[in-house]
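These notes are about the structure you will find just below.
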Amino acid sequence: KKLAQDIVTLIQERNINHGSGGPEASRKTAAARRKMGTLGTSLDRLLRWLDSDEAKSLSDAERNRRRDLILALKNRREQLQSALKRGAAANEREQLFAVNGAGASMSTEPKETEATAELDAQGLLQLQNQVMSQQDTELETMEKAINSTKHIALAIGEEADLQTRLLDDLEDEVEVTNMR
């Protein structure tokens with residue numbers, strides 16, 4: 001958990017103090033990536049240990065509890081990897097709905113993002129409206145694609161029905177010819 005918190009601190013420092021980029025932002029990003037690799041390796045090692053014979057001395061409940069904690073940390077690591085990438089718009093939805101294995105929110109505190117760090121209430125409202133407008137546009141595009149796919153599927157179905165009727169007619173004619 002401490003390693004994950006260190007990564008969060010590095011990302012926040014980079015976003016708040018070096019939002020425009022530069023060499024210091026790159027150093028913070030590189031340090032966070034190194035720690036991210038260390039965290040991933042440690043979590044994988046812990047999961048392997050839980051599956052080993054050494055862990056058999058633990059009760060099933062304790063092994064499951066530890067496994068749940070490790071998997072929650074792995075999930076948190078994936079969220080941190082996404083946060084590490086600048087401008088990860090697709091990640092915003094995942095962060096919004098981030099939950100742990102039990103279905104409860106990972107944290108009750110809202111997380112500050114690069115996009116919201118310097119905004120006041122009016123700016124947040126404008127950003128929210130902009131994001132919702134963008135989502136509406138994307139939904140309309142998806143709706144058009146789905147309708148197009150539906151029409152293609154219906155046309156394929158009609159063509160298959162027509163071909164089936166033609167084959168049935170051909171079969172009837174072949175039977176008539178064979179009877180002669």
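All residue names refer to the structure tokens as shown: chains lettered A, B, ... in order, residues numbered from 1 in each chain, ligands numbered from 1 in order.
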
Those of stretch 27-161 of chain A in DSSP helix (DSSP H, G or I), formatted as a ChimeraX atom specification: /A:27-50,53-57,60-84,89-96,121-161

Distance criterion (only C-alpha atoms): nearest to A:Thr41 out of A:Asp169, A:Ile152, A:Arg77, A:Glu112: A:Arg77

Tell me which of A:Arg45, A:Ser52, A:Arg76, A:Glu118 sits closest to A:Asn17, counting only C-alpha atoms. A:Glu118

For each of A:Gln130, A:Ala117, A:Thr137, A:Asp51, take the minimum atom-to-atom distance to A:Arg66, counting only C-alpha atoms, then give the residue where this is smallest. A:Asp51

Which value, in Å to one decimal, gives the distance between atom CA of A:Gly37 and atom CA of A:Asn64?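 These two atoms are separated by 24.3 Å.
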
Counting only C-alpha atoms, which of A:Lys56, A:Ala115, A:Met36, A:Lys150 gets nearest to A:Gln5?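 Checking each of A:Lys56, A:Ala115, A:Met36, A:Lys150 against A:Gln5, counting only C-alpha atoms, the winner is A:Met36.
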
Tell me, in Å to one decimal, how far atom CA of A:Thr38 is from atom CA of A:Leu71.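 For atom CA of A:Thr38 relative to atom CA of A:Leu71, the distance reads 15.6 Å.
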
Have a look at atom CA of A:Thr29 and atom CA of A:Gln128 and let me know their distance in Å, one decimal.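 We find that atom CA of A:Thr29 and atom CA of A:Gln128 lie 27.2 Å from each other.
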
Of the residues A:Glu54, A:Glu140, A:Asp60, A:Asp6, which is the one nearest to A:Leu39, using only C-alpha atoms?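 Closest to A:Leu39 of all the choices is A:Asp6.
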